[in-house]
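Asks: My questions will all concern the structure given below.
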Amino acid sequence: SMDWENYHDLDAINAWMDDLAKEYPSIVSIIIGGSTFEGRQIKGLKISHGSGRRIVFLEGGIHAREWISPATVTYITNELLNSTDEETMAAARDFDWYIFPVTNPDGYIYSHSTNRMWRKNRRPEHGVDLNRNWNNNWLVVGASTDETRDDYAGLGPFSEPETRTFSTYLASISDKIDLYLSFHSYGHLLLIPFGNTTEPLANYDDAISIGRRAMGALSVRYGTQYKTGNIAEAIYLATGGSIDWIKESLKIPLVYCYELRDNGTYGFVLPPSEIMPNNLEVMDSLLDLIMQAKRFG
Ligand code: 0X9
Ligand code: ZN
């Protein structure tokens with residue numbers, strides 16, 4: 001079973017997904033988005049109440065130490081299946097949900113077993129930052145050729161099995177994706193592409209206003225203030241991240257990256273007592289995003 005009072009390791013999350021597929025055989029199926037350097041599967045869940053629906057895609061855990069990311073994504077999944085809230089269940093029914101709580105499973109395991117502050121994948125010796133390895137402006141800015149650094153971009157675009165296989169999987173379903181959300185921590189931000197320039201993307205105004213409105217919804221419950229902006233203006237210049245490639249190469253209409261709780265007090269080592277407050281406010285924002293994505297799409 002699963003709860004959101006504590007963080008859970010990869011085995012627990014995978015076992016929980018298997019249980020859901022057994023519990024809801026007509027709605028939930030296990031999906032495999034790719035494979036890792038150490039040979040693991042990138043495992044996810046599809047929630048579908050019928051054919052012909054547009055897709056909402058949730059990407060969690062690409063950075064190993066950002067444990068609140070899988071905790072958020074698993075919570076959203078649980079709400080979509082077990083909530084008694086009508087708006088939540090409508091959101092669950094109206095889209096096909098493709099959900100990957102842990103897209104860097106090797107790193108996530110290592111962060112639990114050995115080094116809590118591990119970020120990258122587990123390519124020897126030092127790992128590659130999977131959020132610098134996508135084939136969009138690879139190594140242009142805010143990324144490193146020094147393998148000891150946390151922003152090491154790898155030997156080339158998509159040099160890593162995780163990004164190569166997962167991007168191929170995404171491309172195979174991309175014509176049906178309306179909304180793509182990537183979950184990171186920390187910083188109370190909602191980011192939109194791109195990371196190499198503050199020049200606005202094609203639908204910048206719509207993406208920003210939709211995001212701001214959703215962050216207004218997020219703030220209602222506890223007053224948490226998220227700032228919405230493009231990567232380069234809101235956080236720092238950085239290229240080779242997932243959302244830039246997904247926006248530019250797959251032409252997905254709405255693409256966002258959450259930088260979840262907190263704002264630096266605990267940083268990556270967010271106390272378990274903040275998991276549920278984080279999840280509740282993010283869920284509020286997600287419902288608002290879904291409502292707007294329906295109108296937009
Ligand atoms: O640096 C990152 O990858 C993200 N911040 S984090 O502290 N979670 O590592 C920012 C991601 C910005 N997104 C892209 N460049 N696509
Ligand atoms: Zn991150």
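We name chains A, B, ... following the order of the structure tokens; residues begin at 1 in each chain, and ligands are numbered from 1 as shown.
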Mind the document's chain letters and residue numbers, and return as a ChimeraX atom specification the residues of range 91-177 of chain A that DSSP labels strand (DSSP E).
Replies: /A:96-100,177
Asks: Return as an NGL selection string the residues of protein, DNA or RNA that approach ligand 2 to within 8 Å, with only C-alpha atoms and all ligand atoms taken into account.
Replies: :A and (61-63 or 66 or 119 or 131 or 183-186 or 259)
Asks: Taking only C-alpha atoms and all ligand atoms into account, report as a count of residues only which residues have an atom no farther than 9 Å from an atom of ligand 1.
Replies: 45
Asks: Smallest atom-to-atom distance to Val28 in chain A: which of A:Lys46, A:Arg53, A:Arg221, A:Lys176, using only C-alpha atoms?
Replies: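 Smallest separation from Val28 in chain A among the options: A:Lys46.
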Asks: To one decimal in Å, tell me the separation between CA of Asn78 in chain A and CA of Lys294 in chain A.
Replies: 21.5 Å
Asks: Identify, on the basis of only C-alpha atoms, every residue whose closest approach to range 13-22 of chain A does not exceed 7 Å; exclude the query and any residue fewer than 6 positions from it along the same chain; express the result as a list in words.
Replies: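 In the requested format, the answer is Ser1, Met2, Val28, Ser29, Ile30 and Leu45 of chain A.
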Asks: Where does DSSP see alpha helix (DSSP H) in range 43-105 of chain A, if you list the residues as a ChimeraX atom specification?
Replies: /A:68-82,86-94,105
Asks: Could the residues in this selection be saved with C-alpha atoms as a PDB file, in the first residue's frame?
Replies:
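That gives us out.pdb:
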```pdb
ATOM      1  CA  ILE A  68       8.824  15.266  -3.552  1.00  0.00           C
ATOM      2  CA  SER A  69       8.408  14.790  -7.312  1.00  0.00           C
ATOM      3  CA  PRO A  70       7.482  11.077  -7.260  1.00  0.00           C
ATOM      4  CA  ALA A  71       5.471  11.743  -4.079  1.00  0.00           C
ATOM      5  CA  THR A  72       3.427  14.365  -5.954  1.00  0.00           C
ATOM      6  CA  VAL A  73       2.945  12.266  -9.068  1.00  0.00           C
ATOM      7  CA  THR A  74       1.841   9.205  -7.110  1.00  0.00           C
ATOM      8  CA  TYR A  75      -0.587  11.345  -5.124  1.00  0.00           C
ATOM      9  CA  ILE A  76      -2.145  12.767  -8.295  1.00  0.00           C
ATOM     10  CA  THR A  77      -2.485   9.211  -9.610  1.00  0.00           C
ATOM     11  CA  ASN A  78      -4.239   8.109  -6.463  1.00  0.00           C
ATOM     12  CA  GLU A  79      -6.637  11.049  -6.606  1.00  0.00           C
ATOM     13  CA  LEU A  80      -7.514  10.308 -10.232  1.00  0.00           C
ATOM     14  CA  LEU A  81      -8.539   6.802  -9.175  1.00  0.00           C
ATOM     15  CA  ASN A  82      -9.915   7.182  -5.671  1.00  0.00           C
ATOM     16  CA  GLU A  86     -16.447  15.305  -8.891  1.00  0.00           C
ATOM     17  CA  GLU A  87     -14.077  17.696 -10.680  1.00  0.00           C
ATOM     18  CA  THR A  88     -11.163  15.308 -10.070  1.00  0.00           C
ATOM     19  CA  MET A  89     -13.077  12.326 -11.394  1.00  0.00           C
ATOM     20  CA  ALA A  90     -14.181  14.331 -14.444  1.00  0.00           C
ATOM     21  CA  ALA A  91     -10.519  15.159 -15.123  1.00  0.00           C
ATOM     22  CA  ALA A  92      -9.694  11.469 -14.786  1.00  0.00           C
ATOM     23  CA  ARG A  93     -12.406  10.505 -17.267  1.00  0.00           C
ATOM     24  CA  ASP A  94     -11.876  13.256 -19.825  1.00  0.00           C
ATOM     25  CA  PRO A 105      14.975   4.808 -11.384  1.00  0.00           C
TER      26      PRO A 105
END
```
Asks: From the set A:Leu170, A:Ile290, A:Leu280, A:Ile275, which residue has the shortest atom-to-atom contact distance to Tyr7 in chain A, counting only C-alpha atoms?
Replies: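 Once distances to Tyr7 in chain A are computed over only C-alpha atoms, the minimum belongs to A:Ile275.
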Asks: Which distance in Å separates CA of Pro271 in chain A and CA of Glu5 in chain A, to one decimal?
Replies: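 A separation of 9.7 Å between them.
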Asks: Have a look at CA of Leu10 in chain A and CA of Gly267 in chain A and let me know their distance in Å, one decimal.
Replies: 21.1 Å
Asks: Can you tell me, as a ChimeraX atom specification, what residues are no more than 8 Å from range 154-158 of chain A when counting only C-alpha atoms, ignoring any on the same chain fewer than 2 positions away?
Replies: /A:128-129,132-136,138,145,147,152,160-161,163-164,240
Asks: Excluding Asp284 in chain A and its own-chain neighbours fewer than 4 positions away, which residues fall within 7 Å of it when counting only C-alpha atoms? Please give them as a list of chain:residue names.
Replies: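 Final neighbour list, sorted by chain and number: A:Ala217, A:Leu218, A:Leu280, A:Asp288.
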